[in-house]
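Listing of upload.cif, mmCIF, C-alpha atoms
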```cif
data_final
#
loop_
_atom_site.label_atom_id
_atom_site.label_comp_id
_atom_site.auth_asym_id
_atom_site.auth_seq_id
_atom_site.Cartn_x
_atom_site.Cartn_y
_atom_site.Cartn_z
CA MET A 1063 9.22 -42.34 140.73
CA ILE A 1064 5.68 -42.13 142.01
CA PRO A 1065 4.99 -40.27 145.24
CA ALA A 1066 4.72 -42.88 147.97
CA ILE A 1067 5.95 -43.51 151.50
CA SER A 1068 7.28 -46.84 152.73
CA ILE A 1069 6.50 -47.92 156.28
CA VAL A 1070 9.35 -50.21 157.26
CA GLY A 1071 10.39 -52.10 160.37
CA HIS A 1072 11.06 -55.55 161.75
CA SER A 1073 8.37 -58.17 161.91
CA LYS A 1074 5.90 -57.50 164.80
CA SER A 1075 7.04 -53.88 165.10
CA GLY A 1076 3.53 -52.63 164.31
CA LYS A 1077 3.82 -51.53 160.65
CA THR A 1078 0.30 -52.67 159.80
CA THR A 1079 -1.17 -50.84 162.78
CA LEU A 1080 0.62 -47.61 161.84
CA ILE A 1081 -0.65 -47.83 158.26
CA GLU A 1082 -4.17 -48.56 159.45
CA LEU A 1083 -4.09 -45.50 161.74
CA LEU A 1084 -2.67 -43.33 158.94
CA ILE A 1085 -5.37 -44.49 156.52
CA ARG A 1086 -8.07 -43.58 159.08
CA GLU A 1087 -6.44 -40.19 159.71
CA PHE A 1088 -6.14 -39.36 155.99
CA LYS A 1089 -9.69 -40.54 155.39
CA LYS A 1090 -10.85 -38.05 158.07
CA ARG A 1091 -8.97 -35.35 156.18
CA GLY A 1092 -10.75 -36.24 152.95
CA ARG A 1093 -7.69 -37.77 151.30
CA ARG A 1094 -7.80 -40.86 149.11
CA VAL A 1095 -5.24 -43.45 150.11
CA ALA A 1096 -3.94 -46.46 148.19
CA ALA A 1097 -2.30 -49.10 150.37
CA VAL A 1098 0.29 -51.62 149.23
CA LYS A 1099 1.57 -54.64 151.07
CA HIS A 1100 4.89 -55.91 149.85
CA ALA A 1101 5.32 -59.64 150.29
CA HIS A 1102 8.73 -61.21 149.91
CA GLU A 1103 7.16 -64.59 149.51
CA ASP A 1104 4.45 -64.99 146.96
CA PHE A 1105 1.04 -64.72 148.48
CA ASP A 1106 -1.69 -67.17 147.88
CA LEU A 1107 -4.80 -65.71 146.38
CA ASP A 1108 -6.22 -68.42 144.25
CA HIS A 1109 -5.89 -72.14 144.37
CA PRO A 1110 -5.34 -74.95 141.89
CA GLY A 1111 -8.68 -76.04 140.49
CA LYS A 1112 -10.28 -72.66 141.10
CA ASP A 1113 -11.33 -71.00 137.87
CA SER A 1114 -9.10 -67.99 138.25
CA TRP A 1115 -6.10 -70.28 138.65
CA ARG A 1116 -7.11 -72.24 135.54
CA PHE A 1117 -7.22 -69.05 133.46
CA GLY A 1118 -3.80 -67.96 134.67
CA GLU A 1119 -2.33 -71.40 134.03
CA ALA A 1120 -3.77 -71.44 130.52
CA GLY A 1121 -1.75 -68.30 129.76
CA SER A 1122 -4.03 -65.36 130.46
CA GLU A 1123 -2.06 -62.11 130.99
CA SER A 1124 -4.38 -61.11 133.78
CA VAL A 1125 -7.31 -62.60 135.63
CA THR A 1126 -9.97 -60.28 136.97
CA LEU A 1127 -12.58 -61.25 139.51
CA LEU A 1128 -15.51 -58.93 139.26
CA GLY A 1129 -18.02 -59.01 142.10
CA ALA A 1130 -21.00 -56.83 142.89
CA ARG A 1131 -19.05 -54.67 145.29
CA ARG A 1132 -15.43 -55.35 144.63
CA SER A 1133 -12.94 -56.46 142.08
CA ALA A 1134 -9.49 -57.97 142.06
CA VAL A 1135 -7.08 -57.87 139.16
CA MET A 1136 -4.31 -60.46 139.39
CA ARG A 1137 -1.25 -60.44 137.19
CA SER A 1138 1.87 -62.52 136.97
CA HIS A 1139 5.06 -60.69 136.30
CA PRO A 1140 8.64 -61.75 135.75
CA PRO A 1141 11.15 -61.25 138.57
CA GLY A 1142 12.64 -57.78 138.37
CA TYR A 1143 9.41 -56.33 137.06
CA ALA A 1144 9.21 -52.54 137.27
CA PHE A 1145 7.51 -52.05 140.63
CA ASP A 1146 7.16 -48.36 139.99
CA GLU A 1147 5.03 -48.95 136.93
CA LEU A 1148 2.83 -51.42 138.71
CA LEU A 1149 2.45 -49.13 141.72
CA SER A 1150 1.59 -46.25 139.45
CA SER A 1151 -1.30 -48.19 137.94
CA ALA A 1152 -2.38 -49.45 141.38
CA ARG A 1153 -2.35 -45.93 142.74
CA GLY A 1154 -5.05 -44.74 140.38
CA ASP A 1155 -6.44 -41.46 141.53
CA ALA A 1156 -5.37 -41.74 145.18
CA ASP A 1157 -3.63 -38.76 146.77
CA ILE A 1158 -1.36 -40.77 149.01
CA MET A 1159 0.23 -44.18 148.59
CA LEU A 1160 1.43 -46.06 151.67
CA ILE A 1161 3.62 -49.12 151.19
CA GLU A 1162 4.12 -51.68 153.92
CA GLY A 1163 7.65 -53.01 153.59
CA MET A 1164 10.11 -52.47 150.73
CA SER A 1165 12.85 -51.32 153.09
CA SER A 1166 15.36 -51.66 150.27
CA GLY A 1167 13.10 -49.80 147.83
CA PRO A 1168 13.58 -46.25 146.60
CA TYR A 1169 10.66 -44.66 148.47
CA PRO A 1170 11.07 -42.33 151.47
CA LYS A 1171 10.73 -44.33 154.65
CA ILE A 1172 9.26 -44.14 158.12
CA GLU A 1173 10.44 -46.90 160.46
CA MET A 1174 8.28 -48.46 163.12
CA HIS A 1175 10.22 -49.43 166.25
CA ARG A 1176 9.10 -51.44 169.28
CA GLY A 1177 11.50 -51.56 172.22
CA GLU A 1178 10.55 -54.97 173.52
CA LEU A 1179 11.77 -56.61 170.30
CA GLY A 1180 15.28 -55.63 171.42
CA ARG A 1181 16.50 -54.99 167.89
CA GLU A 1182 18.40 -52.22 166.14
CA LEU A 1183 16.60 -50.10 163.57
CA ARG A 1184 16.28 -51.82 160.23
CA CYS A 1185 17.35 -48.73 158.28
CA GLU A 1186 20.07 -46.14 158.85
CA PRO A 1187 18.60 -43.05 160.56
CA ALA A 1188 19.89 -40.94 157.65
CA GLU A 1189 17.59 -42.87 155.30
CA LEU A 1190 14.52 -42.21 157.41
CA LEU A 1191 12.02 -39.38 157.44
CA ALA A 1192 11.14 -40.37 160.99
CA VAL A 1193 10.92 -43.20 163.47
CA VAL A 1194 7.69 -44.09 165.25
CA THR A 1195 8.82 -45.61 168.52
CA ASP A 1196 7.57 -46.60 171.98
CA GLU A 1197 10.86 -45.56 173.61
CA PRO A 1198 13.17 -42.58 173.06
CA LEU A 1199 16.11 -43.43 170.78
CA GLU A 1200 19.47 -41.71 170.64
CA ILE A 1201 19.46 -41.07 166.93
CA GLY A 1202 19.43 -37.96 164.82
CA CYS A 1203 16.06 -38.16 163.16
CA LYS A 1204 12.49 -37.20 164.02
CA GLN A 1205 10.74 -39.42 166.54
CA PHE A 1206 7.06 -39.84 167.19
CA SER A 1207 4.94 -42.09 169.32
CA LEU A 1208 2.01 -43.97 167.82
CA GLN A 1209 -0.30 -41.58 169.72
CA GLU A 1210 0.95 -38.68 167.60
CA ILE A 1211 -0.76 -39.94 164.45
CA GLY A 1212 -1.84 -36.42 163.40
CA ALA A 1213 1.76 -35.20 163.44
CA ILE A 1214 2.94 -38.27 161.51
CA ALA A 1215 0.22 -37.68 158.91
CA ASN A 1216 1.33 -34.04 158.63
CA LEU A 1217 4.89 -35.16 157.98
CA VAL A 1218 3.74 -37.52 155.23
CA GLU A 1219 1.61 -34.84 153.61
CA GLU A 1220 4.35 -32.21 153.78
CA HIS A 1221 6.84 -34.62 152.31
CA LEU A 1222 4.60 -35.72 149.46
CA ALA A 1223 3.70 -32.11 148.68
CA LYS A 1224 7.39 -31.25 148.36
CA ARG A 1225 8.00 -33.99 145.87
CA SER A 1226 6.99 -32.60 142.52
CA PRO A 1227 5.65 -35.61 140.64
CA SER A 1228 6.53 -36.14 137.03
CA LEU A 1229 4.08 -34.39 134.78
CA ALA A 1230 3.42 -37.19 132.34
CA ALA A 1231 3.96 -40.94 132.50
CA LEU A 1232 3.79 -42.72 129.16
CA GLN A 1233 3.34 -46.35 128.22
CA ILE A 1234 3.49 -47.60 124.66
CA ASN A 1235 2.19 -51.11 123.96
CA GLY A 1236 2.08 -51.63 127.71
CA LYS A 1237 5.74 -50.79 128.29
CA ARG A 1238 6.88 -47.75 130.22
CA VAL A 1239 8.77 -45.20 128.11
CA SER A 1240 10.78 -42.71 130.10
CA LEU A 1241 10.56 -39.13 129.04
CA GLY A 1242 12.75 -36.14 129.79
CA PRO A 1243 11.17 -33.23 131.67
CA PHE A 1244 10.83 -31.18 128.49
CA THR A 1245 8.96 -33.90 126.58
CA GLN A 1246 6.80 -34.55 129.63
CA LYS A 1247 5.87 -30.90 129.76
CA ILE A 1248 4.96 -30.78 126.06
CA LEU A 1249 2.84 -33.91 126.30
CA ALA A 1250 1.15 -32.83 129.54
CA ASN A 1251 0.41 -29.28 128.38
CA THR A 1252 -0.88 -30.43 124.99
CA ILE A 1253 -3.29 -32.91 126.54
CA LEU A 1254 -4.35 -30.52 129.33
CA GLY A 1255 -5.00 -27.91 126.63
CA ILE A 1256 -7.43 -30.19 124.81
CA VAL A 1257 -9.03 -31.51 127.97
CA LYS A 1258 -9.60 -28.08 129.52
CA SER A 1259 -11.66 -27.10 126.48
CA LEU A 1260 -14.20 -29.84 127.21
CA LYS A 1261 -17.46 -28.68 128.72
CA GLY A 1262 -18.11 -29.18 132.41
CA ILE A 1263 -14.49 -29.69 133.47
CA SER A 1264 -13.34 -27.59 136.40
CA LYS A 1265 -10.43 -28.58 138.62
CA ILE A 1266 -8.09 -31.10 137.05
CA ASN A 1267 -5.86 -33.25 139.24
CA THR A 1268 -5.13 -36.21 137.03
CA VAL A 1269 -5.83 -37.08 133.43
CA SER A 1270 -5.50 -40.56 132.06
CA VAL A 1271 -5.79 -41.26 128.35
CA LEU A 1272 -5.77 -44.68 126.75
CA ILE A 1273 -5.41 -44.79 123.00
CA ARG A 1274 -5.82 -47.81 120.80
CA ALA A 1275 -4.13 -47.03 117.52
CA ALA A 1276 -5.69 -48.16 114.27
CA ASP A 1277 -3.67 -50.86 112.50
CA ASP A 1278 -1.92 -48.29 110.38
CA VAL A 1279 -1.28 -45.32 112.61
CA SER A 1280 0.44 -43.39 109.84
CA ASP A 1281 -2.94 -42.78 108.19
CA ASP A 1282 -6.30 -41.98 109.54
CA ALA A 1283 -7.57 -45.52 109.23
CA GLY A 1284 -10.59 -45.05 111.45
CA PRO A 1285 -14.13 -45.43 110.14
CA PRO A 1286 -15.98 -42.28 109.08
CA SER A 1287 -17.42 -40.66 112.16
CA MET B 1445 -17.54 -50.13 125.03
CA ILE B 1446 -14.34 -52.10 125.15
CA PRO B 1447 -13.87 -55.03 122.77
CA ALA B 1448 -14.66 -58.17 124.72
CA ILE B 1449 -16.62 -61.40 124.30
CA SER B 1450 -18.85 -62.88 127.00
CA ILE B 1451 -18.98 -66.64 127.39
CA VAL B 1452 -22.38 -67.36 128.89
CA GLY B 1453 -24.35 -70.44 129.82
CA HIS B 1454 -26.00 -72.24 132.70
CA SER B 1455 -24.01 -73.47 135.65
CA LYS B 1456 -22.03 -76.65 134.79
CA SER B 1457 -22.38 -76.05 131.05
CA GLY B 1458 -18.60 -75.84 130.65
CA LYS B 1459 -17.97 -72.08 130.35
CA THR B 1460 -14.69 -72.24 132.26
CA THR B 1461 -13.42 -75.10 130.08
CA LEU B 1462 -14.28 -73.22 126.89
CA ILE B 1463 -12.46 -70.10 128.11
CA GLU B 1464 -9.46 -72.16 129.16
CA LEU B 1465 -9.28 -73.78 125.69
CA LEU B 1466 -9.66 -70.39 124.00
CA ILE B 1467 -6.87 -68.88 126.12
CA ARG B 1468 -4.55 -71.74 125.13
CA GLU B 1469 -5.50 -71.39 121.47
CA PHE B 1470 -4.93 -67.62 121.45
CA LYS B 1471 -1.67 -68.03 123.32
CA LYS B 1472 -0.49 -70.40 120.53
CA ARG B 1473 -1.39 -67.69 118.05
CA GLY B 1474 0.71 -65.14 119.93
CA ARG B 1475 -2.26 -63.16 121.23
CA ARG B 1476 -2.42 -61.66 124.71
CA VAL B 1477 -5.60 -62.52 126.54
CA ALA B 1478 -7.17 -60.94 129.61
CA ALA B 1479 -9.70 -63.13 131.39
CA VAL B 1480 -12.52 -61.94 133.61
CA LYS B 1481 -14.74 -63.96 135.87
CA HIS B 1482 -17.98 -62.29 136.78
CA ALA B 1483 -19.28 -63.30 140.19
CA HIS B 1484 -22.83 -62.50 141.19
CA GLU B 1485 -21.99 -63.08 144.78
CA ASP B 1486 -19.03 -61.27 146.20
CA PHE B 1487 -15.96 -63.40 146.22
CA ASP B 1488 -13.76 -63.86 149.18
CA LEU B 1489 -10.17 -62.86 148.63
CA ASP B 1490 -9.02 -61.63 151.96
CA HIS B 1491 -10.19 -62.37 155.45
CA PRO B 1492 -10.93 -60.39 158.60
CA GLY B 1493 -7.71 -59.96 160.54
CA LYS B 1494 -5.54 -60.26 157.44
CA ASP B 1495 -3.60 -57.11 156.75
CA SER B 1496 -5.14 -56.44 153.38
CA TRP B 1497 -8.60 -56.59 154.94
CA ARG B 1498 -7.52 -54.18 157.70
CA PHE B 1499 -6.34 -51.62 155.12
CA GLY B 1500 -9.60 -51.86 153.19
CA GLU B 1501 -11.66 -51.57 156.38
CA ALA B 1502 -9.68 -48.50 157.44
CA GLY B 1503 -10.79 -46.77 154.24
CA SER B 1504 -8.07 -47.40 151.67
CA GLU B 1505 -9.32 -46.89 148.11
CA SER B 1506 -7.36 -49.89 146.93
CA VAL B 1507 -5.20 -52.56 148.49
CA THR B 1508 -2.38 -53.99 146.44
CA LEU B 1509 -0.54 -57.19 147.28
CA LEU B 1510 2.84 -57.15 145.63
CA GLY B 1511 4.71 -60.44 145.53
CA ALA B 1512 7.91 -61.47 143.82
CA ARG B 1513 6.09 -62.95 140.85
CA ARG B 1514 2.58 -61.65 141.01
CA SER B 1515 0.41 -58.86 142.19
CA ALA B 1516 -3.22 -58.36 143.01
CA VAL B 1517 -5.00 -55.03 143.13
CA MET B 1518 -8.26 -55.11 145.06
CA ARG B 1519 -10.80 -52.33 144.99
CA SER B 1520 -14.21 -51.79 146.48
CA HIS B 1521 -16.76 -50.10 144.33
CA PRO B 1522 -20.32 -48.97 144.86
CA PRO B 1523 -23.14 -51.01 143.29
CA GLY B 1524 -23.76 -49.86 139.74
CA TYR B 1525 -20.12 -49.08 139.20
CA ALA B 1526 -19.14 -48.66 135.55
CA PHE B 1527 -17.99 -52.17 134.65
CA ASP B 1528 -16.75 -50.97 131.32
CA GLU B 1529 -14.27 -48.63 132.95
CA LEU B 1530 -13.01 -51.26 135.30
CA LEU B 1531 -12.69 -53.82 132.50
CA SER B 1532 -10.84 -51.30 130.40
CA SER B 1533 -8.21 -50.86 133.09
CA ALA B 1534 -8.05 -54.62 133.73
CA ARG B 1535 -7.57 -55.28 130.03
CA GLY B 1536 -4.31 -53.40 129.90
CA ASP B 1537 -2.47 -54.22 126.74
CA ALA B 1538 -4.22 -57.52 126.00
CA ASP B 1539 -5.53 -58.11 122.50
CA ILE B 1540 -8.54 -60.13 123.52
CA MET B 1541 -10.73 -59.99 126.60
CA LEU B 1542 -12.86 -63.00 127.51
CA ILE B 1543 -15.53 -62.62 130.18
CA GLU B 1544 -17.07 -65.59 131.95
CA GLY B 1545 -20.69 -64.74 132.69
CA MET B 1546 -22.40 -61.35 132.35
CA SER B 1547 -25.22 -62.79 130.26
CA SER B 1548 -27.19 -59.57 130.77
CA GLY B 1549 -24.17 -57.44 129.92
CA PRO B 1550 -23.64 -55.50 126.70
CA TYR B 1551 -20.84 -57.66 125.28
CA PRO B 1552 -21.28 -60.02 122.30
CA LYS B 1553 -21.97 -63.51 123.57
CA ILE B 1554 -21.15 -67.12 122.88
CA GLU B 1555 -23.29 -69.58 124.80
CA MET B 1556 -22.05 -72.90 126.07
CA HIS B 1557 -24.70 -75.63 125.98
CA ARG B 1558 -24.60 -79.12 127.43
CA GLY B 1559 -27.47 -81.44 126.45
CA GLU B 1560 -27.54 -83.51 129.62
CA LEU B 1561 -28.48 -80.46 131.69
CA GLY B 1562 -31.85 -80.57 129.88
CA ARG B 1563 -32.22 -76.80 129.87
CA GLU B 1564 -33.12 -74.20 127.26
CA LEU B 1565 -30.47 -71.77 126.12
CA ARG B 1566 -29.92 -68.95 128.55
CA CYS B 1567 -29.93 -66.29 125.83
CA GLU B 1568 -32.09 -65.76 122.76
CA PRO B 1569 -30.32 -67.15 119.67
CA ALA B 1570 -30.56 -63.70 118.05
CA GLU B 1571 -28.35 -62.32 120.83
CA LEU B 1572 -25.64 -64.91 120.27
CA LEU B 1573 -22.63 -64.99 117.98
CA ALA B 1574 -22.64 -68.76 118.29
CA VAL B 1575 -23.52 -71.70 120.51
CA VAL B 1576 -20.94 -74.27 121.53
CA THR B 1577 -22.94 -77.43 122.05
CA ASP B 1578 -22.60 -81.19 122.45
CA GLU B 1579 -25.84 -81.85 120.51
CA PRO B 1580 -27.32 -80.27 117.37
CA LEU B 1581 -29.88 -77.59 118.19
CA GLU B 1582 -32.71 -76.39 115.98
CA ILE B 1583 -31.89 -72.72 116.17
CA GLY B 1584 -30.81 -70.13 113.68
CA CYS B 1585 -27.28 -69.35 114.83
CA LYS B 1586 -23.82 -70.78 114.32
CA GLN B 1587 -23.09 -73.99 116.21
CA PHE B 1588 -19.74 -75.52 117.11
CA SER B 1589 -18.60 -78.44 119.17
CA LEU B 1590 -15.92 -77.98 121.83
CA GLN B 1591 -13.54 -79.88 119.52
CA GLU B 1592 -13.71 -77.04 116.98
CA ILE B 1593 -11.78 -74.63 119.18
CA GLY B 1594 -9.79 -73.24 116.22
CA ALA B 1595 -12.98 -72.26 114.43
CA ILE B 1596 -14.43 -70.70 117.60
CA ALA B 1597 -11.22 -68.71 118.09
CA ASN B 1598 -11.44 -67.53 114.45
CA LEU B 1599 -14.99 -66.33 115.04
CA VAL B 1600 -13.89 -64.38 118.14
CA GLU B 1601 -10.97 -62.82 116.28
CA GLU B 1602 -13.06 -61.90 113.25
CA HIS B 1603 -15.70 -60.37 115.45
CA LEU B 1604 -13.28 -58.33 117.54
CA ALA B 1605 -11.48 -57.15 114.37
CA LYS B 1606 -14.79 -55.88 112.98
CA ARG B 1607 -15.49 -53.87 116.09
CA SER B 1608 -13.55 -50.69 115.69
CA PRO B 1609 -12.56 -49.77 119.24
CA SER B 1610 -12.91 -46.23 120.40
CA LEU B 1611 -9.78 -44.28 119.64
CA ALA B 1612 -9.32 -42.56 122.96
CA ALA B 1613 -10.67 -43.23 126.43
CA LEU B 1614 -10.31 -40.36 128.86
CA GLN B 1615 -10.50 -40.17 132.65
CA ILE B 1616 -10.27 -36.92 134.56
CA ASN B 1617 -9.66 -37.15 138.31
CA GLY B 1618 -10.34 -40.86 138.04
CA LYS B 1619 -13.79 -40.47 136.46
CA ARG B 1620 -14.57 -41.57 132.94
CA VAL B 1621 -15.45 -38.70 130.60
CA SER B 1622 -17.22 -39.76 127.44
CA LEU B 1623 -16.02 -38.19 124.24
CA GLY B 1624 -17.62 -37.94 120.82
CA PRO B 1625 -15.83 -39.60 117.90
CA PHE B 1626 -14.50 -36.28 116.65
CA THR B 1627 -12.93 -35.31 120.00
CA GLN B 1628 -11.54 -38.82 120.36
CA LYS B 1629 -9.90 -38.52 116.99
CA ILE B 1630 -8.34 -35.13 117.80
CA LEU B 1631 -7.01 -36.34 121.14
CA ALA B 1632 -5.71 -39.64 119.73
CA ASN B 1633 -4.06 -38.09 116.68
CA THR B 1634 -2.45 -35.30 118.73
CA ILE B 1635 -0.94 -37.72 121.21
CA LEU B 1636 0.08 -40.21 118.52
CA GLY B 1637 1.73 -37.32 116.68
CA ILE B 1638 3.92 -36.48 119.69
CA VAL B 1639 4.62 -40.10 120.58
CA LYS B 1640 5.61 -41.12 117.04
CA SER B 1641 8.32 -38.47 117.09
CA LEU B 1642 10.06 -40.17 120.03
CA LYS B 1643 13.18 -42.12 119.16
CA GLY B 1644 13.05 -45.90 119.01
CA ILE B 1645 9.28 -46.23 118.67
CA SER B 1646 8.13 -48.45 115.83
CA LYS B 1647 4.72 -50.11 115.80
CA ILE B 1648 2.22 -48.53 118.14
CA ASN B 1649 -0.78 -50.52 119.34
CA THR B 1650 -1.71 -48.72 122.52
CA VAL B 1651 -0.61 -45.56 124.23
CA SER B 1652 -1.43 -44.78 127.81
CA VAL B 1653 -0.65 -41.40 129.32
CA LEU B 1654 -1.13 -40.46 132.95
CA ILE B 1655 -0.83 -36.78 133.78
CA ARG B 1656 -0.70 -35.26 137.22
CA ALA B 1657 -1.56 -31.62 136.84
CA ALA B 1658 0.26 -29.02 138.87
CA ASP B 1659 -1.93 -27.32 141.47
CA ASP B 1660 -2.64 -24.46 139.12
CA VAL B 1661 -3.04 -25.99 135.70
CA SER B 1662 -3.74 -22.64 134.06
CA ASP B 1663 -0.09 -21.69 134.40
CA ASP B 1664 3.05 -23.61 133.83
CA ALA B 1665 3.68 -24.30 137.50
CA GLY B 1666 6.28 -27.02 137.00
CA PRO B 1667 9.83 -26.67 138.24
CA PRO B 1668 12.41 -25.35 135.77
CA SER B 1669 13.67 -28.25 133.71
#
```

Would you encode the structure as C-alpha cells?
Amino acid sequence: MIPAISIVGHSKSGKTTLIELLIREFKKRGRRVAAVKHAHEDFDLDHPGKDSWRFGEAGSESVTLLGARRSAVMRSHPPGYAFDELLSSARGDADIMLIEGMSSGPYPKIEMHRGELGRELRCEPAELLAVVTDEPLEIGCKQFSLQEIGAIANLVEEHLAKRSPSLAALQINGKRVSLGPFTQKILANTILGIVKSLKGISKINTVSVLIRAADDVSDDAGPPS
Amino acid sequence: MIPAISIVGHSKSGKTTLIELLIREFKKRGRRVAAVKHAHEDFDLDHPGKDSWRFGEAGSESVTLLGARRSAVMRSHPPGYAFDELLSSARGDADIMLIEGMSSGPYPKIEMHRGELGRELRCEPAELLAVVTDEPLEIGCKQFSLQEIGAIANLVEEHLAKRSPSLAALQINGKRVSLGPFTQKILANTILGIVKSLKGISKINTVSVLIRAADDVSDDAGPPS
C-alpha cells in the first residue's frame, strides 16, 4: 500500500479547505504533495464531440492533453480497478499524498468535523489518526482545530515516516505483480547497486525504471550498440 | 525517444478523424493505443473555485480525479518541460502512440491534406512518412486516401517495428537520467533476469519498477523481513 492519508468527513465539513491548508503548509516546508480527489460519481472532464472524447470512444487506452504549461492524462478503467496501483503512478515523486474522501479505503484517516452540521463522525474514532473539529468532542482520539495546521501537518509527517514503504513495486505488461519482502529487497538492491555507480548521482529517493523487452527476451535480440 | 507517430496538418484538414479511424483499426487488430492531443494554447480542464483547481493553486504537484470508471491526472510543468518523458509515462503499456499535432516535434509524421483548404503541405515531403490526401499531389512521398486506413495502419506498424525502442528508461528522484546503450542493456538484462525467475510470468513486453530507497541507501536500512 502506498503511503497516503485520507481526509474524510461529511459533505460541507471542510475537507477541501483542510487539504488546501495542508498543501500550503507542506509547500512551505519544501515537501512535494500529490492531491487526489475521490469522486463517487464519475466526473465530467471531456464532452461528446470534443476530440479527447472521440479518441476515448474509438478505443484509445488513454487520452493525453498536452498543453504548454500543463498536461492531463485520462484513462478509463473497469470497476474494481486497483486504486493503489493508479495512486502509485499518480503519486510520482511526491513526498506526501493527500486523498479527499475514500472513507472506506485502506488509508489512514483524518476526519473533518463541523458542529453546525449536527452529524455524528463518519468513521469510528478507533479508525482515525485525528479529528479536526470546531467543537470539542467526547471521543478518544486526537483533536485539532483548523487553526492548528502546523500540528496537523506534523502528525501527517510523523505518521508517513513511520510507515516503511515497500522497497520495490513491479509491473509486468502493465499489471501489478506483488512481491514478497525478500524479492523486493533483491530487486531494489540490485537496481540501486547499478544506479549508484552512474556518474553524478548523489542522494537517491526514488528510482523508476521502464523496460521494453525485445520480442524474444530469452536472447539478446537488440541491435548492435 | 519513445516510439510514436505524429499526425500533422493544417486546421480542419481532418487530423482528428484520421486518428480516430486509426485507433479503431488498431483496436480491431488487438493493439493498445495511447492517444495524445497537443494543444498550443493551454486547455481548460478545471475551473477556479473547483476543488481540483484549489489543490493545484495551493501548490500540489499533481491533482488526480479518481472516479468509479475513470481517472485523470493533471500536472503543471514549466515551459520547456521534457515532452518525451511525459509522453513516456502517458504511454504506459500501449503498443502504439498517436500524437495529434506537434509538427515541429521529433516524431515521425504523417500529414493530413484536404484539397479544398487550398494550402501547401505544412511539412516538407522529405520529413513525412506519408500524406493522407483527397487529391493526388505531385510530391515524392507515399500518398493514401482516407479510405485506405488498413494500408496507413500497416505503414505505422511497420515503421514502429523498425524503430528499436530504448531498452531501459531511468528516472532518479523523478528526473530523467539518460543512459548509453550499454548501460541500458545491463540494467534491462539484469532486471529481466530477476523478473523472469518469478513464478507465473510468461511473455514479457514491458517491466516497470518503482523503488523507494531507504533514507540511507548505502546500508540495508529496511525492516527485517

Q. Selected by the PyMOL selection byres ((chain A and resi 1180) around 12) in the shown coordinates: which residues, as a ChimeraX atom specification?
A. /A:1072,1074-1075,1175-1179,1181-1184,1196-1197

Now that the selection is made, can you save its residues with C-alpha atoms as a compact mmCIF listing (two decimals), in the frame of the given file?
```
# COMPACT_ATOMS: atom_id res chain seq x y z
CA HIS A 1072 11.06 -55.55 161.75
CA LYS A 1074 5.90 -57.50 164.80
CA SER A 1075 7.04 -53.88 165.10
CA HIS A 1175 10.22 -49.43 166.25
CA ARG A 1176 9.10 -51.44 169.28
CA GLY A 1177 11.50 -51.56 172.22
CA GLU A 1178 10.55 -54.97 173.52
CA LEU A 1179 11.77 -56.61 170.30
CA ARG A 1181 16.50 -54.99 167.89
CA GLU A 1182 18.40 -52.22 166.14
CA LEU A 1183 16.60 -50.10 163.57
CA ARG A 1184 16.28 -51.82 160.23
CA ASP A 1196 7.57 -46.60 171.98
CA GLU A 1197 10.86 -45.56 173.61
```

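If you apply the PyMOL selection byres ((chain B and resi 1549) around 12) to this structure, you end up with Met1445, Ala1448, Ile1449, Ser1450, Ile1451, Val1452, His1482, Ala1526, Phe1527, Asp1528, Ile1543, Glu1544, Gly1545, Met1546, Ser1547, Ser1548, Pro1550, Tyr1551, Pro1552, Lys1553, Cys1567 and Glu1571 of chain B.
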
**Q.** Computed interatomic separation between CA of Val1271 in chain A and CA of Val1651 in chain B (Å)
**A.** 7.9 Å

**Q.** Best match for closeness to chain A among B:Val1576, B:Leu1642, B:Ile1540, B:Ala1657, counting all atoms listed in the file
**A.** B:Ala1657

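Counting from CA of Ser1259 in chain A, the distance to CA of Leu1272 in chain A is 18.5 Å.
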
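The spacing separating CA of Thr1577 in chain B from CA of Glu1464 in chain B amounts to 16.1 Å.
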
Q: Find the spatial neighbours of Lys1258 in chain A, counting all atoms listed in the file, within a cut-off of 12 Å - ignore same-chain residues fewer than 6 positions away - and output them as a PyMOL selection string.
A: (chain A and resi 1250-1252+1264-1269) or (chain B and resi 1616+1657+1661-1662)

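Closest approach to chain A from the set B:Arg1468, B:Lys1586, B:Lys1619, B:Lys1606 is made by B:Arg1468, with distances taken over all atoms listed in the file.
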
Q.
I'd like the residues picked by the PyMOL selection byres ((chain A and resi 1217) around 12) written out as an MDAnalysis selection string, using the chain letters and numbers from the file.
A. chainID A and resid 1067 1084 1088 1170:1172 1190:1194 1204:1206 1210:1216 1218:1224

Mind checking which residues fall within 12 Å of Arg1475 in chain B, counting all atoms listed in the file, ignoring those fewer than 2 positions away in the same chain, and posting them as a PDB file with C-alpha atoms, keeping the file's coordinate frame?
```
ATOM      1  CA  GLY A1121      -1.750 -68.300 129.760  1.00  0.00           C
ATOM      2  CA  SER A1122      -4.030 -65.360 130.460  1.00  0.00           C
ATOM      3  CA  GLU A1123      -2.060 -62.110 130.990  1.00  0.00           C
TER       4      GLU A1123
ATOM      5  CA  LEU B1466      -9.660 -70.390 124.000  1.00  0.00           C
ATOM      6  CA  ILE B1467      -6.870 -68.880 126.120  1.00  0.00           C
ATOM      7  CA  ARG B1468      -4.550 -71.740 125.130  1.00  0.00           C
ATOM      8  CA  GLU B1469      -5.500 -71.390 121.470  1.00  0.00           C
ATOM      9  CA  PHE B1470      -4.930 -67.620 121.450  1.00  0.00           C
ATOM     10  CA  LYS B1471      -1.670 -68.030 123.320  1.00  0.00           C
ATOM     11  CA  LYS B1472      -0.490 -70.400 120.530  1.00  0.00           C
ATOM     12  CA  ARG B1473      -1.390 -67.690 118.050  1.00  0.00           C
ATOM     13  CA  VAL B1477      -5.600 -62.520 126.540  1.00  0.00           C
ATOM     14  CA  ALA B1478      -7.170 -60.940 129.610  1.00  0.00           C
ATOM     15  CA  ASP B1537      -2.470 -54.220 126.740  1.00  0.00           C
ATOM     16  CA  ALA B1538      -4.220 -57.520 126.000  1.00  0.00           C
ATOM     17  CA  ASP B1539      -5.530 -58.110 122.500  1.00  0.00           C
ATOM     18  CA  ILE B1540      -8.540 -60.130 123.520  1.00  0.00           C
ATOM     19  CA  MET B1541     -10.730 -59.990 126.600  1.00  0.00           C
ATOM     20  CA  ALA B1597     -11.220 -68.710 118.090  1.00  0.00           C
ATOM     21  CA  GLU B1601     -10.970 -62.820 116.280  1.00  0.00           C
TER      22      GLU B1601
END
```
